[in-house]
file structure-v4.txt (compact mmCIF, C-alpha atoms)
# COMPACT_ATOMS: atom_id res chain seq x y z
CA MET A 1 85.20 -41.95 69.88
CA GLU A 2 83.57 -45.15 70.94
CA PHE A 3 83.62 -44.48 74.63
CA ILE A 4 84.50 -41.71 77.06
CA LEU A 5 85.37 -42.10 80.74
CA ARG A 6 84.78 -38.96 82.76
CA HIS A 7 84.60 -39.57 86.48
CA ASN A 8 83.67 -36.83 88.96
CA VAL A 9 84.25 -33.87 86.67
CA LEU A 10 80.70 -32.79 85.97
CA ILE A 11 79.97 -32.51 89.71
CA TYR A 12 81.94 -29.24 89.79
CA PHE A 13 79.81 -27.61 87.09
CA ASP A 14 76.56 -25.73 87.42
CA GLY A 15 73.51 -26.69 85.37
CA GLU A 16 74.29 -24.66 82.27
CA SER A 17 77.99 -25.59 82.06
CA LYS A 18 77.04 -29.18 82.64
CA ARG A 19 74.66 -29.11 79.69
CA ARG A 20 77.32 -27.53 77.46
CA ALA A 21 79.98 -30.03 78.48
CA VAL A 22 77.67 -32.99 78.02
CA ARG A 23 76.58 -31.65 74.64
CA ARG A 24 80.26 -31.70 73.55
CA LEU A 25 80.82 -35.18 74.86
CA TYR A 26 77.74 -36.27 72.95
CA SER A 27 78.93 -34.86 69.65
CA ASN A 28 82.37 -36.40 70.06
CA LEU A 29 80.93 -39.84 70.57
CA LEU A 30 80.09 -42.08 67.64
CA PRO A 31 76.47 -43.22 67.46
CA GLY A 32 76.39 -46.39 69.57
CA GLY A 33 79.21 -45.05 71.77
CA TYR A 34 79.18 -45.00 75.59
CA LEU A 35 79.82 -42.33 78.18
CA PHE A 36 80.85 -43.56 81.65
CA LEU A 37 80.46 -41.18 84.58
CA GLY A 38 81.49 -41.34 88.24
CA ASN A 39 79.64 -43.26 90.91
CA SER A 40 77.45 -40.41 92.07
CA GLU A 41 76.83 -38.68 88.76
CA SER A 42 73.59 -38.74 86.87
CA LEU A 43 72.47 -37.01 83.69
CA HIS A 44 68.92 -36.83 84.98
CA GLY A 45 67.61 -33.35 84.28
CA VAL A 46 70.72 -32.50 82.22
CA THR A 47 69.92 -34.11 78.89
CA GLU A 48 67.64 -36.75 77.47
CA GLU A 49 69.75 -37.46 74.43
CA PHE A 50 71.64 -40.31 76.05
CA HIS A 51 70.04 -43.63 76.98
CA LEU A 52 70.90 -44.97 80.41
CA VAL A 53 72.17 -48.54 80.04
CA HIS A 54 72.74 -51.07 82.84
CA PHE A 55 75.41 -53.74 82.66
CA PRO A 56 76.18 -56.17 85.47
CA GLY A 57 77.92 -53.95 88.02
CA ALA A 58 78.11 -50.86 85.81
CA THR A 59 75.95 -48.18 84.26
CA ALA A 60 76.71 -46.12 81.19
CA TYR A 61 75.12 -43.55 78.93
CA LEU A 62 74.66 -44.64 75.35
CA ARG A 63 74.54 -42.30 72.41
CA PRO A 64 71.73 -43.94 70.42
CA SER A 65 72.55 -45.21 66.95
CA GLN A 66 69.70 -43.23 65.51
CA ALA A 67 68.97 -39.63 66.28
CA PRO A 68 65.92 -39.12 68.52
CA THR A 69 62.64 -38.66 66.69
CA GLY A 70 62.59 -35.51 64.61
CA GLY A 71 66.36 -35.53 64.09
CA SER A 72 67.41 -34.03 60.78
CA LEU A 73 69.61 -35.74 58.20
CA LYS A 74 72.23 -33.07 57.73
CA MET B 1 54.12 -76.34 80.36
CA THR B 2 52.11 -79.38 79.19
CA ALA B 3 49.12 -80.61 81.17
CA ALA B 4 50.96 -83.82 82.08
CA VAL B 5 53.99 -82.00 83.46
CA ASN B 6 51.65 -79.64 85.26
CA GLU B 7 49.78 -82.53 86.90
CA ALA B 8 52.96 -84.33 87.90
CA LEU B 9 54.38 -81.14 89.34
CA ARG B 10 51.25 -80.39 91.28
CA ALA B 11 51.30 -83.81 92.84
CA ARG B 12 54.91 -83.34 93.94
CA VAL B 13 54.35 -79.87 95.34
CA ARG B 14 51.31 -80.98 97.30
CA ASN B 15 53.48 -83.57 98.95
CA LEU B 16 55.93 -81.00 100.14
CA GLU B 17 57.12 -82.61 103.33
CA GLY B 18 59.48 -81.17 105.86
CA MET B 19 57.95 -77.74 105.45
CA PRO B 20 58.30 -76.36 108.97
CA ALA B 21 55.27 -74.87 110.63
CA MET B 22 55.38 -71.18 111.34
CA PRO B 23 57.05 -70.65 114.75
CA ALA B 24 54.37 -70.04 117.37
CA ILE B 25 55.52 -66.54 118.23
CA LEU B 26 55.89 -65.32 114.66
CA ALA B 27 52.31 -64.37 113.80
CA PRO B 28 51.57 -62.44 117.03
CA LEU B 29 54.97 -60.77 116.86
CA LEU B 30 54.47 -59.61 113.28
CA ARG B 31 51.05 -58.26 114.26
CA CYS B 32 52.64 -56.23 117.08
CA LEU B 33 55.22 -54.79 114.71
CA GLU B 34 52.70 -53.80 112.05
CA LEU B 35 51.23 -51.12 114.31
CA PRO B 36 52.22 -47.47 113.85
CA ALA B 37 55.51 -46.78 115.64
CA ASP B 38 53.94 -44.91 118.57
CA GLN B 39 51.56 -47.78 119.33
CA ILE B 40 54.06 -50.61 119.43
CA GLU B 41 54.24 -52.17 122.87
CA ILE B 42 57.91 -52.80 123.41
CA GLU B 43 57.38 -54.89 126.54
CA LYS B 44 55.10 -57.26 124.67
CA VAL B 45 57.58 -57.58 121.81
CA VAL B 46 60.38 -58.30 124.30
CA GLU B 47 58.24 -60.90 126.07
CA LEU B 48 57.38 -62.71 122.83
CA ILE B 49 60.95 -62.73 121.62
CA SER B 50 62.16 -64.08 124.96
CA CYS B 51 60.00 -67.17 124.34
CA ASP B 52 62.07 -68.25 121.34
CA LYS B 53 65.75 -68.76 122.15
CA SER B 54 66.86 -68.94 118.58
CA ILE B 55 65.15 -65.72 117.52
CA ALA B 56 66.35 -63.99 120.69
CA ALA B 57 69.94 -64.97 119.90
CA GLN B 58 69.62 -63.66 116.36
CA CYS B 59 68.32 -60.31 117.60
CA LEU B 60 71.26 -59.94 119.96
CA ARG B 61 73.72 -60.93 117.27
CA LEU B 62 72.38 -58.42 114.75
CA ALA B 63 72.18 -55.64 117.35
CA ASN B 64 75.84 -56.26 118.20
CA SER B 65 76.96 -56.51 114.57
CA ALA B 66 79.17 -54.04 112.75
CA LEU B 67 76.01 -52.40 111.41
CA PHE B 68 75.68 -50.45 114.64
CA SER B 69 78.97 -49.13 115.93
CA ARG B 70 78.54 -49.26 119.68
CA HIS B 71 80.92 -48.81 122.55
CA SER B 72 79.33 -51.34 124.85
CA LYS B 73 77.89 -54.75 124.15
CA ILE B 74 74.10 -55.14 124.19
CA GLU B 75 73.16 -57.98 126.49
CA THR B 76 69.40 -57.69 126.94
CA ILE B 77 66.58 -58.48 124.52
CA ARG B 78 65.09 -55.09 125.34
CA GLY B 79 68.28 -53.34 124.33
CA ALA B 80 68.42 -55.33 121.12
CA VAL B 81 64.80 -54.55 120.23
CA ILE B 82 65.35 -50.84 120.74
CA THR B 83 68.57 -50.85 118.74
CA LEU B 84 67.08 -52.75 115.83
CA GLY B 85 63.75 -50.97 115.54
CA ALA B 86 60.50 -52.40 114.20
CA ARG B 87 61.47 -52.56 110.54
CA ARG B 88 64.73 -54.45 111.01
CA LEU B 89 63.10 -56.73 113.54
CA ARG B 90 60.37 -57.63 111.06
CA ASP B 91 62.97 -58.33 108.37
CA LEU B 92 64.92 -60.51 110.76
CA LEU B 93 61.81 -62.49 111.78
CA TRP B 94 60.84 -63.17 108.20
CA SER B 95 64.35 -64.18 107.31
CA SER B 96 64.74 -66.54 110.22
CA PHE B 97 61.38 -68.19 109.47
CA LEU B 98 62.08 -68.58 105.77
CA MET B 99 65.56 -69.89 106.32
CA ARG B 100 64.27 -72.72 108.45
CA MET B 101 62.88 -74.13 105.24
CA SER B 102 66.16 -74.03 103.44
CA PRO B 103 67.35 -77.35 102.10
CA GLU B 104 70.57 -78.75 103.57
CA LYS B 105 73.48 -76.50 102.69
CA GLY B 106 75.25 -79.05 100.52
CA GLN B 107 72.16 -79.68 98.40
CA TRP B 108 72.07 -76.27 96.83
CA PRO B 109 73.68 -75.77 93.47
CA ILE B 110 73.74 -72.07 94.26
CA ASN B 111 75.01 -70.56 97.49
CA PRO B 112 71.95 -70.27 99.78
CA LEU B 113 73.34 -67.06 101.28
CA ARG B 114 73.23 -65.53 97.81
CA PHE B 115 69.64 -66.72 97.37
CA TRP B 116 68.53 -65.02 100.56
CA GLU B 117 70.57 -61.92 99.92
CA HIS B 118 68.84 -61.63 96.58
CA SER B 119 65.39 -62.16 98.12
CA PHE B 120 65.92 -59.56 100.82
CA ALA B 121 67.57 -57.15 98.45
CA CYS B 122 64.62 -57.44 96.10
CA ALA B 123 62.19 -56.88 98.99
CA LEU B 124 64.02 -53.76 100.06
CA VAL B 125 64.52 -52.38 96.57
CA SER B 126 60.84 -53.01 95.74
CA GLN B 127 59.83 -51.14 98.84
CA GLN B 128 62.11 -48.19 98.16
CA LEU B 129 61.14 -47.98 94.53
CA ALA B 130 57.47 -48.03 95.54
CA LYS B 131 58.14 -45.23 98.01
CA LYS B 132 59.97 -43.13 95.41
CA VAL B 133 57.27 -43.42 92.77
CA ALA B 134 54.46 -43.15 95.35
CA LEU B 135 52.88 -46.55 94.81
CA PRO B 136 50.49 -47.25 97.70
CA GLY B 137 50.45 -50.34 99.95
CA LEU B 138 54.08 -50.54 101.04
CA GLU B 139 53.77 -53.45 103.46
CA ARG B 140 52.53 -55.75 100.72
CA VAL B 141 55.31 -54.62 98.39
CA TYR B 142 57.99 -55.84 100.80
CA LEU B 143 56.48 -59.30 101.12
CA CYS B 144 56.07 -59.60 97.34
CA GLY B 145 59.74 -58.80 96.80
CA LEU B 146 60.79 -61.21 99.51
CA LEU B 147 58.77 -64.16 98.19
CA HIS B 148 59.04 -63.58 94.43
CA ASP B 149 61.60 -66.37 93.91
CA ILE B 150 60.18 -68.77 96.51
CA GLY B 151 59.70 -71.31 93.71
CA GLU B 152 63.50 -71.76 93.62
CA LEU B 153 63.17 -73.17 97.11
CA VAL B 154 60.56 -75.64 95.89
CA ASN B 155 62.73 -76.65 92.94
CA ALA B 156 65.84 -77.03 95.08
CA THR B 157 63.95 -79.08 97.67
CA LEU B 158 61.77 -81.31 95.50
CA LEU B 159 63.77 -81.60 92.30
CA PRO B 160 67.38 -81.20 93.46
CA ALA B 161 69.04 -83.00 90.55
CA GLU B 162 67.05 -81.22 87.84
CA PHE B 163 67.45 -77.89 89.57
CA ARG B 164 71.18 -78.40 89.82
CA SER B 165 71.51 -78.95 86.08
CA ALA B 166 69.40 -75.87 85.42
CA ALA B 167 71.57 -73.74 87.72
CA GLU B 168 74.76 -75.09 86.16
CA PHE B 169 73.37 -74.33 82.71
CA ALA B 170 72.56 -70.76 83.79
CA ILE B 171 76.05 -70.18 85.19
CA ARG B 172 77.77 -71.73 82.16
CA LYS B 173 75.79 -69.65 79.68
CA SER B 174 75.50 -66.49 81.82
CA VAL B 175 71.73 -66.41 81.42
CA PRO B 176 69.01 -65.77 84.00
CA LEU B 177 67.96 -68.82 85.99
CA PHE B 178 64.40 -68.83 84.63
CA GLU B 179 65.63 -69.11 81.07
CA ALA B 180 67.82 -72.05 82.05
CA GLU B 181 64.92 -73.69 83.88
CA LYS B 182 62.74 -73.37 80.80
CA GLU B 183 65.47 -74.98 78.74
CA VAL B 184 66.37 -77.78 81.15
CA LEU B 185 63.15 -78.45 83.14
CA GLY B 186 60.42 -77.22 80.82
CA PHE B 187 58.94 -75.11 83.59
CA THR B 188 60.27 -72.41 85.90
CA HIS B 189 60.33 -71.41 89.55
CA CYS B 190 57.42 -69.12 88.67
CA ASP B 191 55.24 -72.22 88.09
CA THR B 192 56.34 -74.06 91.22
CA GLY B 193 56.28 -70.89 93.30
CA LYS B 194 52.71 -70.26 92.24
CA MET B 195 51.77 -73.75 93.44
CA LEU B 196 53.43 -73.16 96.78
CA GLY B 197 51.62 -69.82 97.00
CA GLU B 198 48.27 -71.56 96.54
CA TYR B 199 49.27 -74.21 99.05
CA TRP B 200 50.20 -71.57 101.62
CA ASN B 201 47.08 -69.53 100.90
CA LEU B 202 49.01 -66.39 100.10
CA SER B 203 46.92 -63.46 98.93
CA PRO B 204 46.19 -63.33 95.17
CA ASP B 205 48.39 -60.31 94.47
CA VAL B 206 51.41 -61.98 96.09
CA GLN B 207 50.67 -65.11 94.02
CA ASP B 208 50.53 -62.97 90.87
CA VAL B 209 53.94 -61.52 91.60
CA ILE B 210 55.37 -64.99 92.15
CA GLU B 211 53.88 -66.31 88.92
CA PHE B 212 54.50 -63.38 86.58
CA HIS B 213 57.56 -61.55 87.87
CA HIS B 214 59.54 -62.58 84.80
CA ASN B 215 56.82 -61.69 82.30
CA PRO B 216 54.54 -59.08 83.88
CA GLU B 217 52.87 -58.35 80.54
CA GLN B 218 51.29 -61.82 80.73
CA ALA B 219 49.57 -61.30 84.07
CA GLU B 220 45.81 -61.44 83.72
CA ALA B 221 45.24 -58.22 85.57
CA PRO B 222 48.37 -56.28 84.60
CA GLY B 223 49.40 -55.20 88.05
CA ALA B 224 51.73 -52.38 88.96
CA LEU B 225 52.99 -54.61 91.76
CA VAL B 226 54.15 -57.34 89.36
CA ALA B 227 55.88 -54.76 87.17
CA LEU B 228 57.54 -53.13 90.16
CA VAL B 229 58.98 -56.40 91.45
CA ASN B 230 60.15 -57.29 87.93
CA LEU B 231 62.16 -54.05 87.75
CA SER B 232 63.54 -54.42 91.27
CA ASP B 233 64.59 -58.00 90.59
CA LEU B 234 66.40 -56.86 87.45
CA LEU B 235 68.13 -54.03 89.28
CA CYS B 236 69.31 -56.34 92.06
CA ARG B 237 70.71 -58.85 89.60
CA LEU B 238 72.56 -56.10 87.77
CA ARG B 239 74.03 -54.65 90.96
CA GLY B 240 75.71 -57.77 92.27
CA MET B 241 72.80 -58.89 94.44
CA GLY B 242 71.88 -61.82 92.26
CA TYR B 243 72.84 -65.46 92.47
CA GLY B 244 76.58 -64.97 92.55
CA TYR B 245 77.18 -64.95 88.81
CA ASP B 246 76.81 -62.25 86.19
CA GLU B 247 74.25 -62.50 83.47
CA LEU B 248 75.40 -61.12 80.17
CA ARG B 249 72.94 -58.35 79.58
CA GLU B 250 72.61 -54.79 78.54
CA ILE B 251 69.41 -53.35 79.93
CA ARG B 252 67.65 -50.12 79.13
CA PHE B 253 65.02 -49.78 81.78
CA GLN B 254 62.84 -47.45 79.77
CA GLU B 255 62.48 -50.20 77.16
CA VAL B 256 61.66 -53.04 79.54
CA PRO B 257 57.92 -53.93 79.24
CA ALA B 258 57.46 -53.62 83.02
CA TRP B 259 58.54 -50.00 82.84
CA SER B 260 55.56 -48.90 80.76
CA LEU B 261 53.25 -51.15 82.77
CA LEU B 262 54.33 -49.46 85.97
CA GLY B 263 54.26 -46.06 84.28
CA ARG B 264 50.56 -46.46 83.59
CA ALA B 265 49.89 -46.81 87.32
CA VAL B 266 52.35 -44.23 88.60
CA PRO B 267 52.80 -41.07 86.50
CA LEU B 268 55.79 -40.08 88.67
CA LEU B 269 57.87 -42.76 86.97
CA GLU B 270 58.51 -40.49 84.01
CA HIS B 271 60.58 -38.17 86.19
CA PHE B 272 62.34 -40.91 88.09
CA ASP B 273 66.16 -40.81 88.10
CA VAL B 274 67.12 -44.46 87.58
CA ALA B 275 70.85 -43.72 87.61
CA ARG B 276 70.68 -42.06 91.01
CA PHE B 277 68.51 -44.85 92.43
CA THR B 278 70.99 -47.44 91.17
CA MET B 279 73.84 -45.69 92.96
CA GLU B 280 71.87 -45.52 96.19
CA LEU B 281 71.32 -49.26 96.02
CA ASP B 282 75.02 -49.97 96.18
CA ALA B 283 75.08 -48.42 99.65
CA GLU B 284 72.30 -50.77 100.81
CA ALA B 285 74.06 -53.93 99.72
CA GLU B 286 76.27 -54.09 102.81
CA GLU B 287 73.35 -53.78 105.22
CA ILE B 288 71.52 -56.61 103.46
CA ARG B 289 74.55 -58.88 103.74
CA GLU B 290 74.83 -58.22 107.50
CA LEU B 291 71.15 -58.99 108.01
CA VAL B 292 71.26 -62.24 106.09
CA ALA B 293 74.48 -63.35 107.76
CA ALA B 294 73.01 -62.71 111.23
CA ALA B 295 69.86 -64.68 110.47
CA PHE B 296 71.64 -67.48 108.65
CA GLN B 297 74.20 -68.41 111.28
CA ASN B 298 71.61 -70.00 113.51

call {"tool": "encode", "arguments": {"input": "structure-v4.txt", "output": "structure tokens"}}
result
Amino acid sequence: MEFILRHNVLIYFDGESKRRAVRRLYSNLLPGGYLFLGNSESLHGVTEEFHLVHFPGATAYLRPSQAPTGGSLK
Amino acid sequence: MTAAVNEALRARVRNLEGMPAMPAILAPLLRCLELPADQIEIEKVVELISCDKSIAAQCLRLANSALFSRHSKIETIRGAVITLGARRLRDLLWSSFLMRMSPEKGQWPINPLRFWEHSFACALVSQQLAKKVALPGLERVYLCGLLHDIGELVNATLLPAEFRSAAEFAIRKSVPLFEAEKEVLGFTHCDTGKMLGEYWNLSPDVQDVIEFHHNPEQAEAPGALVALVNLSDLLCRLRGMGYGYDELREIRFQEVPAWSLLGRAVPLLEHFDVARFTMELDAEAEEIRELVAAAFQN
């Protein structure tokens, strides 16, 4: 998928479920794909795999095109 | 900027006419309000404000604005001062002083309300960001944010035609104003702002922010303050508190040069939740608009 919109869902999860859910979203996104969350949701402290990206009037989480340093080539 | 352009510019900035003098009550009033909250003499503040009809009217208007939902109308300066509090009063005083130097409304290629909203937003965001990452010297931070774009005022006043084409270029191409200025004028509001800063005798760190807020890595003494205002400016422009048009950008704050510059001065930055801070800013936008509208009507 190139982008995922998921507003105000993660707020109902606790830390561990949040991490699991976000992990799934991450793997279903293509590298270079975007995750859009609700207006009061942040992935701070949940994962560092996404890059926070600001657009005029919007923020999104980007799955980087290249795996973070140390990523394997499986 | 070539030496010849530099010289010509300097000559024009030195001749800045029509720059209003600071209102007589402003300096003593600001001094009163700088004191710790428990030492502020309300009666003295009320007395000073009563001396300036225009400032008094602005205080009453803001105190009675939608910002404070009140059942009864506030009709005394004392009531207004207590409702507003020292911080809002200081913001209002600065805004009303600075706006007296605005060029005639029709002369601006950009909406002057947007210009001031952006300046005050940047002042507030700079101050809050500084607070969050524990950067010392908060009072200075506010002023730096407020005055960072003051060169736009110089450009709009002294070089209205050139400035208009630069602004139109920026809007047409969806680029930041300073890039358009470089393209169209050959210099930017950072250059003219720096000259005004020297002319006004602003302190060197405020001058540095004015000169380098678009390229903090070029500042001679790479200051955390310059980097902080650079980030705040960027955030404001991305959150609809810019000049009334959207720049086409995709920004990753962790990759902006100012981010690592600031990170060197404040280790807390590493754990800073930018997403959360961005969301909090949206709530502030309304308050900033009320403040600017109250000060601008007079």

call {"tool": "interface_residues", "arguments": {"input": "structure-v4.txt", "of": "chain A", "to": "chain B", "cutoff": "8 Å", "atoms": "all atoms listed in the file", "output": "PyMOL selection string"}}
result
chain A and resi 39-44+51-59

call {"tool": "residues_around", "arguments": {"input": "structure-v4.txt", "residues": "Ala224 in chain B", "least_positions_apart": "6", "cutoff": "12 Å", "atoms": "all atoms listed in the file", "output": "MDAnalysis selection string"}}
result
chainID B and resid 126 129:130 133:137 141 144 205:206 208:209 212:213 216:217 230:231 257:267 269

call {"tool": "residues_around", "arguments": {"input": "structure-v4.txt", "residues": "range 82-87 of chain B", "least_positions_apart": "5", "cutoff": "8 Å", "atoms": "all atoms listed in the file", "output": "list in words"}}
result
Leu33, Ala37, Cys59, Leu62 and Ala63 of chain B

call {"tool": "atom_distance", "arguments": {"input": "structure-v4.txt", "atom1": "CA of Glu179 in chain B", "atom2": "CA of Gly193 in chain B"}}
result
15.5 Å

call {"tool": "closest_residue", "arguments": {"input": "structure-v4.txt", "among": "B:Ile110, B:Val125, B:Lys53, B:Leu29", "to": "Phe169 in chain B", "atoms": "all atoms listed in the file"}}
result
B:Ile110

call {"tool": "atom_distance", "arguments": {"input": "structure-v4.txt", "atom1": "CA of Ser165 in chain B", "atom2": "CA of Trp200 in chain B"}}
result
27.4 Å

call {"tool": "atom_distance", "arguments": {"input": "structure-v4.txt", "atom1": "CA of Ala294 in chain B", "atom2": "CA of Leu92 in chain B"}}
result
8.4 Å

call {"tool": "closest_residue", "arguments": {"input": "structure-v4.txt", "among": "A:Ile11, A:Phe50, A:Gln66, A:Ala60", "to": "Phe36 in chain A", "atoms": "all atoms listed in the file"}}
result
A:Ala60

call {"tool": "closest_residue", "arguments": {"input": "structure-v4.txt", "among": "A:Leu37, A:Pro31, A:Glu49, A:Ala21", "to": "His7 in chain A", "atoms": "all atoms listed in the file"}}
result
A:Leu37

call {"tool": "residues_around", "arguments": {"input": "structure-v4.txt", "residues": "Val22 in chain A", "least_positions_apart": "4", "cutoff": "12 Å", "atoms": "only C-alpha atoms", "output": "JSON, numbers by chain"}}
result
{"A": [4, 6, 9, 10, 11, 13, 14, 15, 16, 17, 18, 26, 27, 28, 29, 35, 36, 37, 42, 43, 44, 45, 46, 47, 48, 49, 50, 61, 63]}

call {"tool": "residues_around", "arguments": {"input": "structure-v4.txt", "residues": "Ile77 in chain B", "least_positions_apart": "6", "cutoff": "10 Å", "atoms": "all atoms listed in the file", "output": "PyMOL selection string"}}
result
chain B and resi 45-47+49-50+56-57+59-60+63+83

call {"tool": "axis_aligned_box", "arguments": {"input": "structure-v4.txt", "around": "range 21-40 of chain A", "padding_each_side": "8 Å", "output": "AutoDock Vina command-line options"}}
result
--center_x 79.4 --center_y -38.2 --center_z 79.8 --size_x 22.0 --size_y 32.4 --size_z 40.6

call {"tool": "residues_around", "arguments": {"input": "structure-v4.txt", "residues": "Leu177 in chain B", "least_positions_apart": "2", "cutoff": "12 Å", "atoms": "only C-alpha atoms", "output": "ChimeraX atom specification"}}
result
/B:109-110,115,149,151-152,155,163-175,179-185,187-190,214,237,242-247

call {"tool": "decode", "arguments": {"input": "structure-v4.txt", "residues": "range 249-256 of chain B", "atoms": "all heavy atoms", "output": "PDB file, in the first residue's frame"}}
result
ATOM      1  N   ARG B 249       6.277  22.015   0.277  1.00  0.00           N
ATOM      2  CA  ARG B 249       7.427  21.383   0.898  1.00  0.00           C
ATOM      3  C   ARG B 249       7.037  20.122   1.644  1.00  0.00           C
ATOM      4  O   ARG B 249       5.934  19.974   2.091  1.00  0.00           O
ATOM      5  CB  ARG B 249       8.135  22.235   1.953  1.00  0.00           C
ATOM      6  CG  ARG B 249       7.846  23.646   2.032  1.00  0.00           C
ATOM      7  CD  ARG B 249       9.162  24.370   2.117  1.00  0.00           C
ATOM      8  NE  ARG B 249       9.609  24.576   0.759  1.00  0.00           N
ATOM      9  CZ  ARG B 249      10.821  24.962   0.453  1.00  0.00           C
ATOM     10  NH1 ARG B 249      11.724  25.136   1.369  1.00  0.00           N
ATOM     11  NH2 ARG B 249      11.150  25.153  -0.805  1.00  0.00           N
ATOM     12  N   GLU B 250       8.043  19.308   1.788  1.00  0.00           N
ATOM     13  CA  GLU B 250       7.920  18.129   2.633  1.00  0.00           C
ATOM     14  C   GLU B 250       9.119  18.211   3.563  1.00  0.00           C
ATOM     15  O   GLU B 250      10.257  18.188   3.110  1.00  0.00           O
ATOM     16  CB  GLU B 250       7.962  16.879   1.761  1.00  0.00           C
ATOM     17  CG  GLU B 250       7.924  15.614   2.554  1.00  0.00           C
ATOM     18  CD  GLU B 250       7.951  14.368   1.666  1.00  0.00           C
ATOM     19  OE1 GLU B 250       7.377  14.388   0.563  1.00  0.00           O
ATOM     20  OE2 GLU B 250       8.583  13.388   2.083  1.00  0.00           O
ATOM     21  N   ILE B 251       8.851  18.394   4.842  1.00  0.00           N
ATOM     22  CA  ILE B 251       9.944  18.662   5.779  1.00  0.00           C
ATOM     23  C   ILE B 251      10.096  17.523   6.776  1.00  0.00           C
ATOM     24  O   ILE B 251       9.124  17.084   7.376  1.00  0.00           O
ATOM     25  CB  ILE B 251       9.657  19.956   6.587  1.00  0.00           C
ATOM     26  CG1 ILE B 251       9.447  21.147   5.671  1.00  0.00           C
ATOM     27  CG2 ILE B 251      10.776  20.223   7.595  1.00  0.00           C
ATOM     28  CD1 ILE B 251      10.686  21.780   5.138  1.00  0.00           C
ATOM     29  N   ARG B 252      11.311  17.079   6.941  1.00  0.00           N
ATOM     30  CA  ARG B 252      11.605  16.159   8.050  1.00  0.00           C
ATOM     31  C   ARG B 252      12.496  16.902   9.022  1.00  0.00           C
ATOM     32  O   ARG B 252      13.657  17.177   8.722  1.00  0.00           O
ATOM     33  CB  ARG B 252      12.312  14.912   7.540  1.00  0.00           C
ATOM     34  CG  ARG B 252      11.345  13.979   6.875  1.00  0.00           C
ATOM     35  CD  ARG B 252      12.033  12.815   6.243  1.00  0.00           C
ATOM     36  NE  ARG B 252      11.609  12.724   4.846  1.00  0.00           N
ATOM     37  CZ  ARG B 252      12.211  11.985   3.935  1.00  0.00           C
ATOM     38  NH1 ARG B 252      13.290  11.292   4.254  1.00  0.00           N
ATOM     39  NH2 ARG B 252      11.759  11.963   2.717  1.00  0.00           N
ATOM     40  N   PHE B 253      11.904  17.247  10.157  1.00  0.00           N
ATOM     41  CA  PHE B 253      12.613  18.127  11.073  1.00  0.00           C
ATOM     42  C   PHE B 253      13.965  17.582  11.509  1.00  0.00           C
ATOM     43  O   PHE B 253      14.924  18.326  11.631  1.00  0.00           O
ATOM     44  CB  PHE B 253      11.739  18.453  12.294  1.00  0.00           C
ATOM     45  CG  PHE B 253      10.847  19.612  12.013  1.00  0.00           C
ATOM     46  CD1 PHE B 253       9.585  19.421  11.473  1.00  0.00           C
ATOM     47  CD2 PHE B 253      11.286  20.906  12.228  1.00  0.00           C
ATOM     48  CE1 PHE B 253       8.781  20.494  11.168  1.00  0.00           C
ATOM     49  CE2 PHE B 253      10.481  21.984  11.925  1.00  0.00           C
ATOM     50  CZ  PHE B 253       9.224  21.775  11.396  1.00  0.00           C
ATOM     51  N   GLN B 254      14.017  16.272  11.692  1.00  0.00           N
ATOM     52  CA  GLN B 254      15.286  15.701  12.152  1.00  0.00           C
ATOM     53  C   GLN B 254      16.400  15.866  11.127  1.00  0.00           C
ATOM     54  O   GLN B 254      17.566  15.702  11.445  1.00  0.00           O
ATOM     55  CB  GLN B 254      15.127  14.226  12.515  1.00  0.00           C
ATOM     56  CG  GLN B 254      14.627  13.995  13.933  1.00  0.00           C
ATOM     57  CD  GLN B 254      13.110  13.979  14.041  1.00  0.00           C
ATOM     58  OE1 GLN B 254      12.423  14.396  13.110  1.00  0.00           O
ATOM     59  NE2 GLN B 254      12.585  13.520  15.163  1.00  0.00           N
ATOM     60  N   GLU B 255      16.032  16.201   9.883  1.00  0.00           N
ATOM     61  CA  GLU B 255      17.071  16.354   8.858  1.00  0.00           C
ATOM     62  C   GLU B 255      17.365  17.809   8.527  1.00  0.00           C
ATOM     63  O   GLU B 255      18.226  18.111   7.699  1.00  0.00           O
ATOM     64  CB  GLU B 255      16.653  15.601   7.581  1.00  0.00           C
ATOM     65  CG  GLU B 255      16.657  14.101   7.808  1.00  0.00           C
ATOM     66  CD  GLU B 255      15.997  13.327   6.678  1.00  0.00           C
ATOM     67  OE1 GLU B 255      15.831  13.899   5.581  1.00  0.00           O
ATOM     68  OE2 GLU B 255      15.650  12.160   6.909  1.00  0.00           O
ATOM     69  N   VAL B 256      16.639  18.724   9.142  1.00  0.00           N
ATOM     70  CA  VAL B 256      16.886  20.145   8.926  1.00  0.00           C
ATOM     71  C   VAL B 256      18.171  20.522   9.691  1.00  0.00           C
ATOM     72  O   VAL B 256      18.338  20.100  10.829  1.00  0.00           O
ATOM     73  CB  VAL B 256      15.682  20.969   9.454  1.00  0.00           C
ATOM     74  CG1 VAL B 256      15.962  22.447   9.416  1.00  0.00           C
ATOM     75  CG2 VAL B 256      14.433  20.642   8.657  1.00  0.00           C
TER      76      VAL B 256
END
